[in-house]
Structures are given as C-alpha cells and as structure tokens.
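Undergrad: So that you have it, the file is work_17.tsv, and it contains TSV, N, CA, C and O atoms and all ligand atoms:
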```
chain	number	residue	atom	x	y	z
A	1151	MET	N	162.74	89.35	69.09
A	1151	MET	CA	161.93	88.61	68.12
A	1151	MET	C	160.78	89.48	67.59
A	1151	MET	O	160.11	90.15	68.35
A	1152	LYS	N	160.60	89.38	66.31
A	1152	LYS	CA	159.54	90.18	65.69
A	1152	LYS	C	158.20	89.49	65.83
A	1152	LYS	O	158.10	88.29	65.60
A	1153	PRO	N	157.17	90.23	66.17
A	1153	PRO	CA	155.84	89.64	66.14
A	1153	PRO	C	155.37	89.43	64.71
A	1153	PRO	O	155.84	90.12	63.79
A	1154	PHE	N	154.49	88.47	64.50
A	1154	PHE	CA	153.95	88.27	63.16
A	1154	PHE	C	152.46	88.59	63.16
A	1154	PHE	O	151.83	88.63	64.21
A	1155	SER	N	151.95	88.84	62.00
A	1155	SER	CA	150.54	89.21	61.87
A	1155	SER	C	149.70	87.95	61.73
A	1155	SER	O	150.03	87.06	60.97
A	1156	TYR	N	148.62	87.91	62.46
A	1156	TYR	CA	147.71	86.78	62.36
A	1156	TYR	C	146.29	87.31	62.46
A	1156	TYR	O	145.97	88.11	63.33
A	1157	ARG	N	145.46	86.86	61.55
A	1157	ARG	CA	144.09	87.35	61.53
A	1157	ARG	C	143.23	86.54	62.49
A	1157	ARG	O	143.28	85.32	62.50
A	1158	CYS	N	142.45	87.24	63.28
A	1158	CYS	CA	141.55	86.59	64.23
A	1158	CYS	C	140.62	85.62	63.49
A	1158	CYS	O	140.02	85.99	62.48
A	1159	PRO	N	140.54	84.36	63.98
A	1159	PRO	CA	139.71	83.36	63.29
A	1159	PRO	C	138.21	83.60	63.44
A	1159	PRO	O	137.42	82.96	62.77
A	1160	ASN	N	137.83	84.48	64.30
A	1160	ASN	CA	136.41	84.78	64.47
A	1160	ASN	C	135.89	85.52	63.24
A	1160	ASN	O	136.33	86.63	62.94
A	1161	PRO	N	134.96	84.91	62.49
A	1161	PRO	CA	134.48	85.54	61.24
A	1161	PRO	C	133.78	86.88	61.47
A	1161	PRO	O	133.66	87.67	60.54
A	1162	LYS	N	133.35	87.11	62.69
A	1162	LYS	CA	132.69	88.39	62.98
A	1162	LYS	C	133.68	89.46	63.39
A	1162	LYS	O	133.31	90.61	63.61
A	1163	CYS	N	134.95	89.06	63.53
A	1163	CYS	CA	135.96	90.00	64.01
A	1163	CYS	C	137.00	90.26	62.92
A	1163	CYS	O	137.04	91.35	62.35
A	1164	ARG	N	137.82	89.22	62.65
A	1164	ARG	CA	138.81	89.28	61.57
A	1164	ARG	C	139.82	90.41	61.75
A	1164	ARG	O	140.39	90.91	60.78
A	1165	VAL	N	140.05	90.81	62.97
A	1165	VAL	CA	141.05	91.85	63.20
A	1165	VAL	C	142.44	91.23	63.06
A	1165	VAL	O	142.63	90.04	63.31
A	1166	VAL	N	143.40	92.01	62.60
A	1166	VAL	CA	144.76	91.51	62.46
A	1166	VAL	C	145.53	91.77	63.76
A	1166	VAL	O	145.64	92.90	64.20
A	1167	LEU	N	146.02	90.66	64.32
A	1167	LEU	CA	146.72	90.75	65.59
A	1167	LEU	C	148.23	90.62	65.37
A	1167	LEU	O	148.66	89.93	64.46
A	1168	SER	N	148.99	91.25	66.22
A	1168	SER	CA	150.44	91.06	66.22
A	1168	SER	C	150.78	90.07	67.33
A	1168	SER	O	150.55	90.34	68.50
A	1169	ILE	N	151.29	88.93	66.92
A	1169	ILE	CA	151.56	87.86	67.87
A	1169	ILE	C	153.05	87.59	67.93
A	1169	ILE	O	153.68	87.39	66.89
A	1170	PRO	N	153.64	87.59	69.13
A	1170	PRO	CA	155.07	87.29	69.22
A	1170	PRO	C	155.36	85.85	68.83
A	1170	PRO	O	154.54	84.95	69.05
A	1171	GLU	N	156.54	85.64	68.25
A	1171	GLU	CA	156.95	84.29	67.79
A	1171	GLU	C	156.87	83.27	68.93
A	1171	GLU	O	156.62	82.10	68.71
A	1172	SER	N	157.10	83.73	70.14
A	1172	SER	CA	157.12	82.82	71.27
A	1172	SER	C	155.74	82.23	71.59
A	1172	SER	O	155.62	81.29	72.35
A	1173	MET	N	154.71	82.79	70.97
A	1173	MET	CA	153.35	82.30	71.21
A	1173	MET	C	152.96	81.16	70.30
A	1173	MET	O	151.86	80.60	70.42
A	1174	ARG	N	153.84	80.78	69.39
A	1174	ARG	CA	153.51	79.71	68.45
A	1174	ARG	C	153.17	78.41	69.17
A	1174	ARG	O	153.88	77.99	70.07
A	1175	GLY	N	152.09	77.79	68.73
A	1175	GLY	CA	151.67	76.51	69.31
A	1175	GLY	C	150.91	76.66	70.61
A	1175	GLY	O	150.53	75.67	71.21
A	1176	GLN	N	150.71	77.89	71.03
A	1176	GLN	CA	149.99	78.12	72.28
A	1176	GLN	C	148.66	78.79	71.99
A	1176	GLN	O	148.43	79.30	70.91
A	1177	SER	N	147.83	78.81	73.01
A	1177	SER	CA	146.55	79.48	72.83
A	1177	SER	C	146.70	80.96	73.16
A	1177	SER	O	147.44	81.33	74.06
A	1178	ALA	N	146.01	81.77	72.39
A	1178	ALA	CA	146.04	83.20	72.59
A	1178	ALA	C	144.61	83.71	72.57
A	1178	ALA	O	143.68	82.99	72.21
A	1179	ARG	N	144.44	84.94	72.98
A	1179	ARG	CA	143.11	85.51	72.99
A	1179	ARG	C	143.11	86.82	72.22
A	1179	ARG	O	143.99	87.65	72.38
A	1180	CYS	N	142.11	86.96	71.38
A	1180	CYS	CA	141.98	88.18	70.60
A	1180	CYS	C	141.63	89.34	71.55
A	1180	CYS	O	140.72	89.22	72.37
A	1181	GLY	N	142.34	90.44	71.40
A	1181	GLY	CA	142.09	91.58	72.27
A	1181	GLY	C	140.84	92.34	71.87
A	1181	GLY	O	140.33	93.16	72.63
A	1182	SER	N	140.34	92.05	70.69
A	1182	SER	CA	139.17	92.78	70.19
A	1182	SER	C	137.86	92.09	70.53
A	1182	SER	O	136.92	92.72	70.98
A	1183	CYS	N	137.80	90.77	70.31
A	1183	CYS	CA	136.54	90.05	70.51
A	1183	CYS	C	136.64	89.00	71.61
A	1183	CYS	O	135.67	88.30	71.88
A	1184	SER	N	137.83	88.86	72.21
A	1184	SER	CA	138.05	87.89	73.29
A	1184	SER	C	137.93	86.44	72.85
A	1184	SER	O	137.79	85.54	73.67
A	1185	GLN	N	137.98	86.21	71.54
A	1185	GLN	CA	137.95	84.84	71.02
A	1185	GLN	C	139.28	84.17	71.33
A	1185	GLN	O	140.34	84.73	71.07
A	1186	GLU	N	139.21	82.96	71.90
A	1186	GLU	CA	140.43	82.23	72.16
A	1186	GLU	C	140.74	81.35	70.95
A	1186	GLU	O	139.83	80.78	70.35
A	1187	PHE	N	142.00	81.28	70.59
A	1187	PHE	CA	142.38	80.50	69.42
A	1187	PHE	C	143.79	79.97	69.60
A	1187	PHE	O	144.55	80.43	70.45
A	1188	MET	N	144.12	78.97	68.78
A	1188	MET	CA	145.45	78.38	68.82
A	1188	MET	C	146.34	79.06	67.79
A	1188	MET	O	145.97	79.19	66.63
A	1189	VAL	N	147.50	79.50	68.22
A	1189	VAL	CA	148.44	80.12	67.30
A	1189	VAL	C	149.15	79.02	66.51
A	1189	VAL	O	149.74	78.13	67.11
A	1190	PRO	N	149.07	79.05	65.20
A	1190	PRO	CA	149.69	77.99	64.40
A	1190	PRO	C	151.21	78.08	64.43
A	1190	PRO	O	151.78	79.16	64.58
A	1191	PHE	N	151.86	76.93	64.30
A	1191	PHE	CA	153.32	76.91	64.25
A	1191	PHE	C	153.83	77.54	62.97
A	1191	PHE	O	154.83	78.23	62.95
A	1192	VAL	N	153.14	77.25	61.89
A	1192	VAL	CA	153.58	77.75	60.60
A	1192	VAL	C	152.55	78.72	60.07
A	1192	VAL	O	151.38	78.38	59.94
A	1193	VAL	N	152.98	79.91	59.78
A	1193	VAL	CA	152.12	80.90	59.16
A	1193	VAL	C	152.62	81.09	57.74
A	1193	VAL	O	153.83	81.19	57.51
A	1194	SER	N	151.71	81.08	56.79
A	1194	SER	CA	152.12	81.19	55.40
A	1194	SER	C	152.90	82.47	55.15
A	1194	SER	O	152.50	83.56	55.56
A	1195	ARG	N	154.06	82.30	54.56
A	1195	ARG	CA	154.90	83.46	54.26
A	1195	ARG	C	155.22	83.47	52.78
A	1195	ARG	O	156.35	83.72	52.38
A	1196	THR	N	154.23	83.18	52.00
A	1196	THR	CA	154.46	83.04	50.56
A	1196	THR	C	154.97	84.32	49.92
A	1196	THR	O	155.68	84.29	48.93
A	1197	LEU	N	154.62	85.44	50.51
A	1197	LEU	CA	155.03	86.71	49.92
A	1197	LEU	C	156.53	86.92	50.01
A	1197	LEU	O	157.13	87.57	49.18
A	1198	ARG	N	157.14	86.36	51.07
A	1198	ARG	CA	158.56	86.59	51.27
A	1198	ARG	C	159.33	85.27	51.22
A	1198	ARG	O	160.31	85.08	51.92
A	1199	LYS	N	158.85	84.38	50.39
A	1199	LYS	CA	159.39	83.04	50.33
A	1199	LYS	C	160.88	83.02	49.96
A	1199	LYS	O	161.64	82.21	50.46
A	1200	ASP	N	161.27	83.90	49.08
A	1200	ASP	CA	162.63	83.87	48.57
A	1200	ASP	C	163.64	84.62	49.44
A	1200	ASP	O	164.82	84.61	49.18
A	1201	GLU	N	163.13	85.27	50.45
A	1201	GLU	CA	164.03	86.03	51.31
A	1201	GLU	C	164.64	85.14	52.38
A	1201	GLU	O	163.99	84.25	52.90
A	1202	PRO	N	165.88	85.38	52.69
A	1202	PRO	CA	166.50	84.59	53.76
A	1202	PRO	C	165.85	84.89	55.10
A	1202	PRO	O	165.31	85.97	55.31
A	1203	GLN	N	165.89	83.90	56.00
A	1203	GLN	CA	165.23	84.08	57.29
A	1203	GLN	C	165.90	85.15	58.13
A	1203	GLN	O	165.26	85.89	58.83
A	1204	SER	N	167.21	85.21	58.05
A	1204	SER	CA	167.90	86.25	58.80
A	1204	SER	C	168.89	86.95	57.87
A	1204	SER	O	169.48	86.34	56.99
A	1205	PRO	N	169.06	88.23	58.04
A	1205	PRO	CA	169.97	88.97	57.16
A	1205	PRO	C	171.41	88.54	57.40
A	1205	PRO	O	171.75	88.12	58.51
A	1206	PRO	N	172.25	88.63	56.38
A	1206	PRO	CA	173.66	88.23	56.55
A	1206	PRO	C	174.36	89.14	57.56
A	1206	PRO	O	174.08	90.33	57.63
A	1207	MET	N	175.25	88.54	58.31
A	1207	MET	CA	175.99	89.32	59.31
A	1207	MET	C	176.95	90.27	58.61
A	1207	MET	O	177.61	89.93	57.64
A	1208	ARG	N	177.01	91.43	59.13
A	1208	ARG	CA	177.92	92.42	58.53
A	1208	ARG	C	178.66	93.12	59.66
A	1208	ARG	O	178.04	93.61	60.61
A	1209	LYS	N	179.96	93.13	59.54
A	1209	LYS	CA	180.74	93.75	60.61
A	1209	LYS	C	180.74	95.27	60.46
A	1209	LYS	O	180.96	95.79	59.37
A	1210	ALA	N	180.50	95.93	61.53
A	1210	ALA	CA	180.57	97.39	61.50
A	1210	ALA	C	182.01	97.83	61.64
A	1210	ALA	O	182.74	97.34	62.49
A	1211	SER	N	182.42	98.70	60.79
A	1211	SER	CA	183.81	99.13	60.84
A	1211	SER	C	183.94	100.48	61.53
A	1211	SER	O	182.99	101.20	61.62
B	1	ZN	ZN	138.83	88.83	67.28
```
What is this structure when it is put down as structure tokens?

TA:
Amino acid sequence: MKPFSYRCPNPKCRVVLSIPESMRGQSARCGSCSQEFMVPFVVSRTLRKDEPQSPPMRKAS
C-alpha cells in the first residue's frame, strides 16, 4: 500500500507527512512537532480525480 501525503494540522509546523493507508481513521503523531491528530478517511484527491484507482491488469508475456 502506498502512503499518502498529509499536512500536519499544527499551524506552526505544517510539515508534509507520509501516512500509510492503514492509518486512516486513526490517530497519528507528527514526527516533527509531536502534534497528535486524526488521520481523515478521505483525503482530497482532486488533482488525480479522473485517474482510475488501480491500474488495469496486464499479463506479462
Ligand atoms: Zn507537525
């Protein structure tokens, strides 16, 4: 599973964290400022809205 980028909610930090998909809906802690926060289930993916969630299967020959 690919981690997704999430910006630390602490306004004094705002570091971009890589969070594994499995952390969704759970609390996580920023490694930079130690701020605890809740990882949202849905992260806006407007930039890649039109892309399929998973690439089509292709058989290797
Ligand atoms: Zn932080």

Undergrad: Which is closest to ligand ZN 1 (chain B) among A:Ala1210, A:Cys1158, A:Val1189, A:Ala1178, if we use all atoms listed in the file?

TA: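 Nearest to ligand ZN 1 (chain B): A:Cys1158.
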
Undergrad: For the contact check between chain A and ligand ZN 1 (chain B), emit one row per residue of chain A within 6 Å, containing the shortest atom pair and the distance in Å rounded to one decimal, counting all atoms listed in the file, chain then rising number order, as JSON lines.

TA:
```
{"residue": "A:Cys1158", "atom": "CA", "partner": "B:ZN1", "partner_atom": "ZN", "distance": 4.7}
{"residue": "A:Pro1159", "atom": "N", "partner": "B:ZN1", "partner_atom": "ZN", "distance": 5.8}
{"residue": "A:Asn1160", "atom": "N", "partner": "B:ZN1", "partner_atom": "ZN", "distance": 5.4}
{"residue": "A:Cys1163", "atom": "CA", "partner": "B:ZN1", "partner_atom": "ZN", "distance": 4.5}
{"residue": "A:Arg1164", "atom": "N", "partner": "B:ZN1", "partner_atom": "ZN", "distance": 4.8}
{"residue": "A:Val1165", "atom": "N", "partner": "B:ZN1", "partner_atom": "ZN", "distance": 4.9}
{"residue": "A:Cys1180", "atom": "CA", "partner": "B:ZN1", "partner_atom": "ZN", "distance": 4.6}
{"residue": "A:Gly1181", "atom": "N", "partner": "B:ZN1", "partner_atom": "ZN", "distance": 5.6}
{"residue": "A:Ser1182", "atom": "C", "partner": "B:ZN1", "partner_atom": "ZN", "distance": 4.7}
{"residue": "A:Cys1183", "atom": "N", "partner": "B:ZN1", "partner_atom": "ZN", "distance": 3.7}
{"residue": "A:Ser1184", "atom": "N", "partner": "B:ZN1", "partner_atom": "ZN", "distance": 5.0}
{"residue": "A:Gln1185", "atom": "N", "partner": "B:ZN1", "partner_atom": "ZN", "distance": 5.1}
```

Undergrad: Counting only N, CA, C and O atoms, which residue out of A:Arg1157, A:Arg1208, A:Val1192, A:Met1151 sits closest to Pro1170 in chain A?

TA: A:Met1151

Undergrad: In Å, rounded to a single decimal, give me how far CA of Lys1162 in chain A is from CA of Phe1191 in chain A.

TA: 23.6 Å

Undergrad: I'd like the neighbourhood of Phe1154 in chain A as a list in words, where a residue qualifies if any of its atoms comes within 5 Å (using only N, CA, C and O atoms), though same-chain residues fewer than 3 positions away should be ignored.

TA: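 What passes the distance filter is Leu1167, Ser1168, Ile1169 and Pro1170 of chain A.
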
Undergrad: By how many Å are atom C of Lys1152 in chain A and atom O of Met1207 in chain A apart?

TA: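 Atom O of Met1207 in chain A lies at a distance of 21.1 Å from atom C of Lys1152 in chain A.
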
Undergrad: May I ask for the distance between atom O of Phe1187 in chain A and CA of Ser1155 in chain A, given in Å to one decimal place?

TA: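 A separation of 13.7 Å between them.
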